[in-house]
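Shown below: protein_7.csv, with CSV, N, CA and C atoms.
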chain,number,residue,atom,x,y,z
A,1,MET,N,40.0,-22.1,-92.5
A,1,MET,CA,39.8,-21.6,-91.1
A,1,MET,C,40.3,-22.7,-90.2
A,2,ALA,N,41.0,-22.3,-89.2
A,2,ALA,CA,41.6,-23.2,-88.2
A,2,ALA,C,40.5,-24.0,-87.4
A,3,ASP,N,40.9,-25.1,-86.9
A,3,ASP,CA,39.9,-25.9,-86.2
A,3,ASP,C,39.3,-25.1,-85.0
A,4,GLY,N,38.0,-25.2,-84.9
A,4,GLY,CA,37.3,-24.6,-83.7
A,4,GLY,C,37.0,-23.1,-83.9
A,5,ILE,N,37.6,-22.5,-84.9
A,5,ILE,CA,37.3,-21.1,-85.1
A,5,ILE,C,35.8,-20.8,-85.4
A,6,ALA,N,35.2,-21.6,-86.3
A,6,ALA,CA,33.8,-21.4,-86.6
A,6,ALA,C,33.0,-21.6,-85.3
A,7,ASP,N,33.3,-22.5,-84.5
A,7,ASP,CA,32.5,-22.7,-83.2
A,7,ASP,C,32.7,-21.5,-82.3
A,8,ARG,N,34.0,-21.0,-82.2
A,8,ARG,CA,34.3,-19.8,-81.3
A,8,ARG,C,33.6,-18.6,-81.8
A,9,LEU,N,33.3,-18.5,-83.2
A,9,LEU,CA,32.7,-17.3,-83.7
A,9,LEU,C,31.2,-17.5,-83.9
A,10,ALA,N,30.7,-18.7,-83.6
A,10,ALA,CA,29.3,-19.1,-83.8
A,10,ALA,C,28.8,-18.9,-85.2
A,11,VAL,N,29.6,-19.3,-86.1
A,11,VAL,CA,29.3,-19.3,-87.6
A,11,VAL,C,29.3,-20.7,-88.1
A,12,GLU,N,28.8,-20.9,-89.3
A,12,GLU,CA,28.8,-22.2,-90.0
A,12,GLU,C,30.2,-22.5,-90.4
A,13,ALA,N,30.6,-23.8,-90.3
A,13,ALA,CA,31.9,-24.2,-90.8
A,13,ALA,C,32.0,-23.8,-92.3
A,14,GLY,N,33.1,-23.2,-92.6
A,14,GLY,CA,33.3,-22.7,-94.0
A,14,GLY,C,32.8,-21.3,-94.2
A,15,ALA,N,32.3,-20.7,-93.2
A,15,ALA,CA,31.9,-19.2,-93.3
A,15,ALA,C,33.1,-18.4,-93.6
A,16,GLU,N,33.0,-17.3,-94.3
A,16,GLU,CA,34.1,-16.5,-94.6
A,16,GLU,C,34.5,-15.6,-93.4
A,17,VAL,N,35.8,-15.6,-93.2
A,17,VAL,CA,36.3,-14.7,-92.1
A,17,VAL,C,37.5,-13.9,-92.6
A,18,MET,N,37.7,-12.8,-91.9
A,18,MET,CA,38.9,-12.1,-92.1
A,18,MET,C,40.0,-12.6,-91.2
A,19,ARG,N,41.1,-13.1,-91.7
A,19,ARG,CA,42.2,-13.7,-90.9
A,19,ARG,C,43.3,-12.7,-90.9
A,20,THR,N,43.8,-12.3,-89.8
A,20,THR,CA,44.9,-11.3,-89.7
A,20,THR,C,46.0,-11.9,-88.8
A,21,SER,N,47.2,-12.0,-89.3
A,21,SER,CA,48.3,-12.5,-88.4
A,21,SER,C,49.3,-11.3,-88.0
A,22,TYR,N,49.7,-11.4,-86.8
A,22,TYR,CA,50.6,-10.4,-86.2
A,22,TYR,C,51.8,-11.0,-85.6
A,23,THR,N,52.9,-10.3,-85.7
A,23,THR,CA,54.1,-10.6,-84.9
A,23,THR,C,54.4,-9.4,-84.1
A,24,PHE,N,54.3,-9.5,-82.7
A,24,PHE,CA,54.6,-8.4,-81.8
A,24,PHE,C,56.1,-8.4,-81.4
A,25,THR,N,56.7,-7.3,-81.3
A,25,THR,CA,58.1,-7.2,-81.0
A,25,THR,C,58.3,-6.4,-79.8
A,26,GLY,N,59.5,-6.6,-79.1
A,26,GLY,CA,59.9,-5.8,-78.0
A,26,GLY,C,61.4,-5.7,-78.2
A,27,ASP,N,62.0,-4.6,-78.1
A,27,ASP,CA,63.4,-4.3,-78.3
A,27,ASP,C,63.9,-5.0,-79.6
A,28,ASP,N,63.0,-4.8,-80.6
A,28,ASP,CA,63.3,-5.3,-82.0
A,28,ASP,C,63.4,-6.9,-82.1
A,29,GLU,N,62.9,-7.6,-81.1
A,29,GLU,CA,62.8,-9.0,-81.1
A,29,GLU,C,61.4,-9.5,-81.1
A,30,PRO,N,61.1,-10.5,-81.8
A,30,PRO,CA,59.7,-11.1,-81.8
A,30,PRO,C,59.4,-11.7,-80.4
A,31,VAL,N,58.3,-11.3,-79.8
A,31,VAL,CA,58.0,-11.8,-78.5
A,31,VAL,C,56.6,-12.5,-78.4
A,32,MET,N,55.7,-12.3,-79.4
A,32,MET,CA,54.4,-12.8,-79.3
A,32,MET,C,53.8,-12.9,-80.7
A,33,LEU,N,53.0,-13.9,-80.9
A,33,LEU,CA,52.2,-14.0,-82.2
A,33,LEU,C,50.8,-14.0,-81.9
A,34,SER,N,50.0,-13.5,-82.9
A,34,SER,CA,48.5,-13.5,-82.7
A,34,SER,C,47.9,-13.7,-84.1
A,35,THR,N,46.9,-14.5,-84.2
A,35,THR,CA,46.1,-14.6,-85.4
A,35,THR,C,44.7,-14.4,-85.0
A,36,SER,N,44.1,-13.4,-85.6
A,36,SER,CA,42.7,-13.0,-85.3
A,36,SER,C,41.8,-13.4,-86.4
A,37,TYR,N,40.5,-13.6,-86.1
A,37,TYR,CA,39.5,-13.9,-87.1
A,37,TYR,C,38.2,-13.1,-86.8
A,38,GLU,N,37.7,-12.5,-87.8
A,38,GLU,CA,36.4,-11.8,-87.7
A,38,GLU,C,35.5,-12.2,-88.7
A,39,PRO,N,34.2,-12.5,-88.4
A,39,PRO,CA,33.2,-12.9,-89.4
A,39,PRO,C,33.0,-11.8,-90.4
A,40,LEU,N,33.1,-12.2,-91.7
A,40,LEU,CA,32.9,-11.2,-92.8
A,40,LEU,C,31.4,-10.9,-92.9
A,41,GLU,N,30.5,-11.7,-92.3
A,41,GLU,CA,29.1,-11.3,-92.4
A,41,GLU,C,28.9,-10.1,-91.5
A,42,ILE,N,29.8,-9.8,-90.6
A,42,ILE,CA,29.6,-8.5,-89.8
A,42,ILE,C,30.4,-7.4,-90.4
A,43,THR,N,31.6,-7.6,-90.9
A,43,THR,CA,32.5,-6.5,-91.4
A,43,THR,C,32.5,-6.2,-92.9
A,44,ARG,N,32.1,-7.2,-93.7
A,44,ARG,CA,32.1,-7.0,-95.1
A,44,ARG,C,31.4,-5.7,-95.5
A,45,GLY,N,32.1,-4.9,-96.4
A,45,GLY,CA,31.5,-3.7,-96.9
A,45,GLY,C,31.6,-2.5,-95.9
A,46,THR,N,32.3,-2.7,-94.8
A,46,THR,CA,32.4,-1.6,-93.8
A,46,THR,C,33.8,-1.0,-93.8
A,47,SER,N,33.9,0.1,-93.1
A,47,SER,CA,35.2,0.7,-93.0
A,47,SER,C,36.2,0.0,-92.1
A,48,VAL,N,35.8,-1.1,-91.5
A,48,VAL,CA,36.7,-1.9,-90.6
A,48,VAL,C,37.0,-3.3,-91.1
A,49,VAL,N,36.6,-3.6,-92.3
A,49,VAL,CA,36.8,-4.9,-92.8
A,49,VAL,C,38.2,-5.4,-92.8
A,50,LEU,N,39.2,-4.4,-93.1
A,50,LEU,CA,40.6,-4.8,-93.0
A,50,LEU,C,41.2,-4.2,-91.8
A,51,PRO,N,41.5,-5.0,-90.8
A,51,PRO,CA,41.9,-4.5,-89.5
A,51,PRO,C,43.2,-3.6,-89.6
A,52,GLU,N,44.0,-3.8,-90.5
A,52,GLU,CA,45.3,-3.1,-90.6
A,52,GLU,C,45.3,-2.1,-91.8
A,53,ASP,N,44.1,-1.7,-92.3
A,53,ASP,CA,44.1,-0.8,-93.5
A,53,ASP,C,42.8,0.0,-93.3
A,54,GLY,N,42.7,1.2,-93.9
A,54,GLY,CA,41.6,2.0,-93.8
A,54,GLY,C,41.6,3.0,-92.7
A,55,PRO,N,40.5,3.7,-92.5
A,55,PRO,CA,40.5,4.8,-91.5
A,55,PRO,C,40.6,4.4,-90.0
A,56,HIS,N,40.4,3.1,-89.7
A,56,HIS,CA,40.4,2.6,-88.3
A,56,HIS,C,41.6,1.6,-88.1
A,57,SER,N,42.5,1.6,-89.1
A,57,SER,CA,43.6,0.6,-89.0
A,57,SER,C,44.4,0.8,-87.7
A,58,GLY,N,44.8,-0.4,-87.2
A,58,GLY,CA,45.7,-0.4,-86.0
A,58,GLY,C,45.0,-0.1,-84.7
A,59,ARG,N,43.7,0.1,-84.8
A,59,ARG,CA,42.9,0.4,-83.5
A,59,ARG,C,42.5,-1.0,-83.0
A,60,GLY,N,42.2,-1.0,-81.7
A,60,GLY,CA,41.8,-2.3,-81.1
A,60,GLY,C,40.4,-2.7,-81.6
A,61,VAL,N,40.2,-4.0,-81.4
A,61,VAL,CA,38.9,-4.5,-81.9
A,61,VAL,C,37.7,-3.9,-81.2
A,62,VAL,N,37.8,-3.5,-80.0
A,62,VAL,CA,36.6,-2.8,-79.3
A,62,VAL,C,36.3,-1.5,-80.1
A,63,GLU,N,37.3,-0.7,-80.3
A,63,GLU,CA,37.0,0.6,-81.0
A,63,GLU,C,36.6,0.4,-82.5
A,64,ARG,N,37.2,-0.6,-83.1
A,64,ARG,CA,36.9,-0.8,-84.5
A,64,ARG,C,35.4,-1.3,-84.6
A,65,MET,N,35.0,-2.2,-83.8
A,65,MET,CA,33.7,-2.8,-83.9
A,65,MET,C,32.6,-1.7,-83.5
A,66,ARG,N,33.0,-0.9,-82.6
A,66,ARG,CA,32.1,0.2,-82.2
A,66,ARG,C,31.7,1.1,-83.4
A,67,GLN,N,32.7,1.3,-84.3
A,67,GLN,CA,32.5,2.1,-85.5
A,67,GLN,C,31.4,1.6,-86.4
A,68,ILE,N,31.1,0.3,-86.3
A,68,ILE,CA,30.1,-0.3,-87.2
A,68,ILE,C,28.9,-0.8,-86.3
A,69,GLY,N,28.7,-0.2,-85.1
A,69,GLY,CA,27.5,-0.5,-84.3
A,69,GLY,C,27.6,-1.8,-83.5
A,70,GLN,N,28.8,-2.4,-83.4
A,70,GLN,CA,28.9,-3.6,-82.6
A,70,GLN,C,29.6,-3.3,-81.3
A,71,ARG,N,28.8,-3.2,-80.2
A,71,ARG,CA,29.3,-2.9,-78.9
A,71,ARG,C,29.8,-4.1,-78.2
A,72,ILE,N,31.1,-4.2,-78.0
A,72,ILE,CA,31.6,-5.4,-77.3
A,72,ILE,C,31.4,-5.2,-75.8
A,73,VAL,N,30.8,-6.2,-75.1
A,73,VAL,CA,30.5,-6.1,-73.7
A,73,VAL,C,31.4,-7.0,-72.8
A,74,HIS,N,32.0,-8.0,-73.4
A,74,HIS,CA,33.0,-8.8,-72.6
A,74,HIS,C,33.9,-9.6,-73.5
A,75,ALA,N,34.9,-10.1,-72.9
A,75,ALA,CA,35.9,-11.0,-73.6
A,75,ALA,C,36.1,-12.2,-72.7
A,76,GLY,N,36.4,-13.4,-73.3
A,76,GLY,CA,36.7,-14.6,-72.6
A,76,GLY,C,38.0,-15.1,-73.1
A,77,GLU,N,38.7,-15.8,-72.2
A,77,GLU,CA,40.0,-16.4,-72.6
A,77,GLU,C,40.1,-17.9,-72.1
A,78,ILE,N,40.7,-18.7,-72.9
A,78,ILE,CA,41.1,-20.0,-72.5
A,78,ILE,C,42.6,-20.1,-72.7
A,79,VAL,N,43.3,-20.5,-71.7
A,79,VAL,CA,44.7,-20.6,-71.7
A,79,VAL,C,45.2,-22.1,-71.6
A,80,THR,N,46.0,-22.4,-72.6
A,80,THR,CA,46.6,-23.8,-72.6
A,80,THR,C,48.0,-23.7,-72.9
A,81,ALA,N,48.7,-24.8,-73.0
A,81,ALA,CA,50.1,-24.9,-73.4
A,81,ALA,C,50.3,-26.0,-74.3
A,82,ARG,N,51.3,-25.8,-75.2
A,82,ARG,CA,51.6,-26.9,-76.2
A,82,ARG,C,53.0,-26.5,-76.8
A,83,SER,N,53.6,-27.5,-77.5
A,83,SER,CA,54.8,-27.2,-78.2
A,83,SER,C,54.6,-26.2,-79.4
A,84,ALA,N,55.6,-25.4,-79.6
A,84,ALA,CA,55.5,-24.5,-80.8
A,84,ALA,C,55.5,-25.3,-82.1
A,85,THR,N,54.8,-24.8,-83.0
A,85,THR,CA,54.9,-25.4,-84.4
A,85,THR,C,56.2,-24.9,-85.0
A,86,ASP,N,56.7,-25.5,-86.0
A,86,ASP,CA,57.9,-25.1,-86.7
A,86,ASP,C,57.8,-23.6,-87.1
A,87,GLU,N,56.7,-23.2,-87.7
A,87,GLU,CA,56.5,-21.9,-88.1
A,87,GLU,C,56.6,-20.9,-86.9
A,88,GLU,N,55.9,-21.2,-85.8
A,88,GLU,CA,56.0,-20.3,-84.7
A,88,GLU,C,57.4,-20.2,-84.1
A,89,ALA,N,58.1,-21.3,-84.0
A,89,ALA,CA,59.5,-21.3,-83.5
A,89,ALA,C,60.4,-20.4,-84.4
A,90,ASN,N,60.2,-20.6,-85.7
A,90,ASN,CA,60.9,-19.7,-86.6
A,90,ASN,C,60.6,-18.2,-86.5
A,91,ARG,N,59.3,-17.9,-86.4
A,91,ARG,CA,58.9,-16.5,-86.3
A,91,ARG,C,59.4,-15.9,-85.0
A,92,LEU,N,59.4,-16.7,-83.9
A,92,LEU,CA,59.8,-16.2,-82.6
A,92,LEU,C,61.3,-16.4,-82.3
A,93,ARG,N,62.0,-17.0,-83.2
A,93,ARG,CA,63.4,-17.3,-83.1
A,93,ARG,C,63.7,-18.2,-81.8
A,94,LEU,N,62.9,-19.3,-81.8
A,94,LEU,CA,63.0,-20.2,-80.6
A,94,LEU,C,63.4,-21.6,-81.2
A,95,SER,N,63.8,-22.4,-80.2
A,95,SER,CA,64.1,-23.8,-80.6
A,95,SER,C,62.9,-24.6,-80.9
A,96,ARG,N,62.9,-25.5,-81.8
A,96,ARG,CA,61.8,-26.3,-82.1
A,96,ARG,C,61.3,-27.1,-80.9
A,97,GLY,N,60.0,-27.2,-80.7
A,97,GLY,CA,59.5,-27.9,-79.6
A,97,GLY,C,59.4,-27.1,-78.3
A,98,THR,N,59.8,-25.8,-78.3
A,98,THR,CA,59.6,-25.0,-77.1
A,98,THR,C,58.2,-24.9,-76.7
A,99,VAL,N,57.9,-25.1,-75.4
A,99,VAL,CA,56.6,-25.0,-74.9
A,99,VAL,C,56.1,-23.6,-74.9
A,100,MET,N,54.8,-23.4,-75.4
A,100,MET,CA,54.2,-22.1,-75.6
A,100,MET,C,52.9,-22.0,-74.8
A,101,MET,N,52.6,-20.8,-74.3
A,101,MET,CA,51.3,-20.6,-73.8
A,101,MET,C,50.4,-20.2,-75.0
A,102,VAL,N,49.2,-20.7,-75.1
A,102,VAL,CA,48.3,-20.3,-76.1
A,102,VAL,C,47.0,-19.8,-75.5
A,103,ILE,N,46.7,-18.6,-75.9
A,103,ILE,CA,45.5,-17.9,-75.3
A,103,ILE,C,44.5,-17.8,-76.4
A,104,GLN,N,43.3,-18.4,-76.2
A,104,GLN,CA,42.2,-18.3,-77.1
A,104,GLN,C,41.3,-17.1,-76.6
A,105,ARG,N,41.4,-16.0,-77.2
A,105,ARG,CA,40.6,-14.8,-76.7
A,105,ARG,C,39.5,-14.5,-77.7
A,106,THR,N,38.3,-14.4,-77.1
A,106,THR,CA,37.1,-14.1,-77.9
A,106,THR,C,36.4,-12.9,-77.3
A,107,TYR,N,36.0,-12.0,-78.2
A,107,TYR,CA,35.3,-10.8,-77.9
A,107,TYR,C,33.8,-11.0,-78.3
A,108,TYR,N,32.9,-10.5,-77.4
A,108,TYR,CA,31.5,-10.7,-77.6
A,108,TYR,C,30.7,-9.4,-77.5
A,109,THR,N,29.7,-9.3,-78.3
A,109,THR,CA,28.6,-8.3,-78.1
A,109,THR,C,27.6,-8.9,-77.2
A,110,GLN,N,26.5,-8.3,-76.9
A,110,GLN,CA,25.4,-8.9,-76.1
A,110,GLN,C,24.9,-10.1,-76.9
A,111,ASP,N,24.9,-10.1,-78.2
A,111,ASP,CA,24.3,-11.1,-79.0
A,111,ASP,C,25.2,-12.2,-79.5
A,112,ARG,N,26.5,-11.9,-79.7
A,112,ARG,CA,27.3,-12.9,-80.4
A,112,ARG,C,28.8,-12.6,-80.3
A,113,PRO,N,29.7,-13.6,-80.6
A,113,PRO,CA,31.1,-13.3,-80.7
A,113,PRO,C,31.4,-12.6,-82.0
A,114,VAL,N,32.3,-11.6,-81.9
A,114,VAL,CA,32.6,-10.8,-83.1
A,114,VAL,C,34.1,-10.9,-83.5
A,115,GLU,N,34.9,-11.4,-82.7
A,115,GLU,CA,36.3,-11.6,-83.0
A,115,GLU,C,36.9,-12.7,-82.1
A,116,THR,N,37.8,-13.5,-82.6
A,116,THR,CA,38.5,-14.5,-81.8
A,116,THR,C,39.9,-14.5,-82.3
A,117,ALA,N,40.8,-14.8,-81.4
A,117,ALA,CA,42.2,-14.8,-81.7
A,117,ALA,C,43.0,-15.9,-81.0
A,118,ASP,N,44.0,-16.4,-81.6
A,118,ASP,CA,44.9,-17.3,-81.0
A,118,ASP,C,46.2,-16.5,-80.7
A,119,ILE,N,46.6,-16.4,-79.5
A,119,ILE,CA,47.8,-15.6,-79.1
A,119,ILE,C,48.8,-16.6,-78.6
A,120,VAL,N,50.0,-16.6,-79.1
A,120,VAL,CA,51.0,-17.6,-78.8
A,120,VAL,C,52.2,-16.8,-78.1
A,121,VAL,N,52.5,-17.2,-76.9
A,121,VAL,CA,53.6,-16.5,-76.2
A,121,VAL,C,54.5,-17.5,-75.5
A,122,PRO,N,55.8,-17.3,-75.5
A,122,PRO,CA,56.7,-18.1,-74.8
A,122,PRO,C,56.5,-17.8,-73.3
A,123,PRO,N,56.4,-18.8,-72.4
A,123,PRO,CA,56.1,-18.6,-71.0
A,123,PRO,C,57.2,-17.8,-70.3
A,124,ASP,N,58.5,-17.9,-70.8
A,124,ASP,CA,59.5,-17.2,-70.1
A,124,ASP,C,59.5,-15.7,-70.4
A,125,ARG,N,58.6,-15.2,-71.3
A,125,ARG,CA,58.6,-13.8,-71.7
A,125,ARG,C,57.4,-13.1,-71.1
A,126,TYR,N,56.4,-13.8,-70.6
A,126,TYR,CA,55.2,-13.2,-70.1
A,126,TYR,C,54.7,-14.0,-68.9
A,127,GLU,N,53.9,-13.3,-68.1
A,127,GLU,CA,53.2,-14.0,-67.0
A,127,GLU,C,51.7,-13.5,-67.2
A,128,LEU,N,50.8,-14.4,-67.0
A,128,LEU,CA,49.4,-14.0,-67.1
A,128,LEU,C,48.9,-13.7,-65.7
A,129,ALA,N,48.2,-12.6,-65.6
A,129,ALA,CA,47.6,-12.2,-64.3
A,129,ALA,C,46.1,-11.8,-64.6
A,130,TYR,N,45.2,-12.2,-63.8
A,130,TYR,CA,43.8,-12.0,-64.0
A,130,TYR,C,43.2,-11.4,-62.7
A,131,MET,N,42.2,-10.5,-63.0
A,131,MET,CA,41.4,-10.0,-61.9
A,131,MET,C,40.0,-10.6,-62.1
A,132,ILE,N,39.5,-11.2,-61.1
A,132,ILE,CA,38.2,-11.8,-61.2
A,132,ILE,C,37.2,-11.1,-60.3
A,133,PRO,N,36.2,-10.4,-60.9
A,133,PRO,CA,35.3,-9.7,-60.0
A,133,PRO,C,34.4,-10.7,-59.2
A,134,VAL,N,34.1,-10.3,-58.0
A,134,VAL,CA,33.2,-11.1,-57.2
A,134,VAL,C,31.9,-10.3,-56.9
A,135,ASP,N,30.8,-10.9,-57.3
A,135,ASP,CA,29.5,-10.2,-57.0
A,135,ASP,C,29.1,-10.4,-55.6
A,136,GLN,N,28.9,-9.3,-54.9
A,136,GLN,CA,28.6,-9.4,-53.4
A,136,GLN,C,27.1,-9.5,-53.2
A,137,ASP,N,26.3,-9.5,-54.2
A,137,ASP,CA,24.8,-9.5,-54.0
A,137,ASP,C,24.3,-10.9,-53.7

Could you spell out this file's structure in structure tokens?
Amino acid sequence: MADGIADRLAVEAGAEVMRTSYTFTGDDEPVMLSTSYEPLEITRGTSVVLPEDGPHSGRGVVERMRQIGQRIVHAGEIVTARSATDEEANRLRLSRGTVMMVIQRTYYTQDRPVETADIVVPPDRYELAYMIPVDQD
């Protein structure tokens, strides 16, 4: 398990997780990478244990988790930048050392985190925009 993943999922270091890697494309070109992690203590033995297989394959994490009684109520993101790893540069067809945006996205139920992902995007292909609600009470 990658550094910090156990902390982000609030599980013990070494806990079993389902790791799924994605390469997203646009116009047949790779544009974004994502690696997601879900605690197997939540999904093991359920119809959603394999995110890309079974009756709920390819559906978003919110819908998949709802199928097993896990109601996601919010997500959080941390955005940083760093140089692409050699593997990332190869998968995205970029030069070694290209600066990448890295988004650590975590989905939470009322009680705990149920999925976290590292999303890697070249900054020349995306811009990040956020809406931040303001409580008027």

Please provide as a short mmCIF file (atom, residue, chain, number, x, y, z; two decimals) with N, CA and C atoms, keeping the file's coordinate frame all residues within 6 Å of stretch 82-96 of chain A, with the sequence filter that same-chain residues fewer than 3 positions apart are discarded (counting only N, CA and C atoms).
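Below is the file result-v2.cif, written as the result:
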data_model
loop_
_atom_site.label_atom_id
_atom_site.label_comp_id
_atom_site.auth_asym_id
_atom_site.auth_seq_id
_atom_site.Cartn_x
_atom_site.Cartn_y
_atom_site.Cartn_z
N PRO A 30 61.10 -10.50 -81.80
CA PRO A 30 59.70 -11.10 -81.80
C PRO A 30 59.40 -11.70 -80.40
N VAL A 31 58.30 -11.30 -79.80
CA VAL A 31 58.00 -11.80 -78.50
C VAL A 31 56.60 -12.50 -78.40
N VAL A 99 57.90 -25.10 -75.40
CA VAL A 99 56.60 -25.00 -74.90
C VAL A 99 56.10 -23.60 -74.90
N MET A 100 54.80 -23.40 -75.40
CA MET A 100 54.20 -22.10 -75.60
C MET A 100 52.90 -22.00 -74.80
N MET A 101 52.60 -20.80 -74.30
CA MET A 101 51.30 -20.60 -73.80
C MET A 101 50.40 -20.20 -75.00
N VAL A 102 49.20 -20.70 -75.10
CA VAL A 102 48.30 -20.30 -76.10
C VAL A 102 47.00 -19.80 -75.50
#

Margin query: Just the number, please: distance in Å from atom N of A:Phe24 to atom C of A:His74, one decimal.
Written below: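 Spanning atom N of A:Phe24 to atom C of A:His74 is a straight-line distance of 22.4 Å.
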
- Message: Nearest residue to A:Glu63 out of A:Val48, A:Pro113, A:Pro123, A:Asp135, using only C-alpha atoms?
- Response: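 For A:Glu63, the nearest of the given residues is A:Val48.
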
Tell me, as a ChimeraX atom specification, which residues lie within 5 Å of stretch 35-46 of chain A, counting all atoms listed in the file; anything in the same chain fewer than 6 positions away does not count. /A:16-22,114-118

TODO: Enumerate the residues of chain A with a DSSP assignment of strand (DSSP E or B), computed from the backbone, and present them as an NGL selection string.
DONE: :A and (17-26 or 29-39 or 72-83 or 99-109 or 113-121)

Among listed residues A:Arg64, A:Ala15, A:Tyr126, A:Val79, nearest A:Ser47 (using all atoms listed in the file):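 Comparing A:Arg64, A:Ala15, A:Tyr126, A:Val79 against A:Ser47, the winner is A:Arg64.
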
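You can rank A:Glu29, A:Asp124, A:Ala75, A:Ala6 by their closest distance to A:Val62 using only C-alpha atoms, and at the top of that list sits A:Ala75.
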
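The gap separating atom CA of A:Glu77 from atom CA of A:Thr98 is 21.9 Å, in Å to one decimal.
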
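Atom N of A:Thr106 sits 7.8 Å away from atom CA of A:Ile78.
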
Which one is closest to A:Gln104: A:Val61, A:Ile72, A:Ala10, A:Ile119? Count all atoms listed in the file.
->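 Of A:Val61, A:Ile72, A:Ala10, A:Ile119, the one nearest A:Gln104 is A:Ile119, counting all atoms listed in the file.
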
I need the residues of chain A that end up classed as helix (DSSP H, G or I) by DSSP on the backbone, written out as a PyMOL selection string. chain A and resi 5-9+40-43+61-66+86-92

In terms of only C-alpha atoms, the residue from A:Arg59, A:Gln136, A:Leu50, A:Gly76 at minimal distance from A:Arg105 is A:Gly76

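Shortest atom-to-atom contact with A:Gln70 among A:Tyr107, A:Asp27, A:Gly97, A:Arg125: A:Tyr107, counting only C-alpha atoms.
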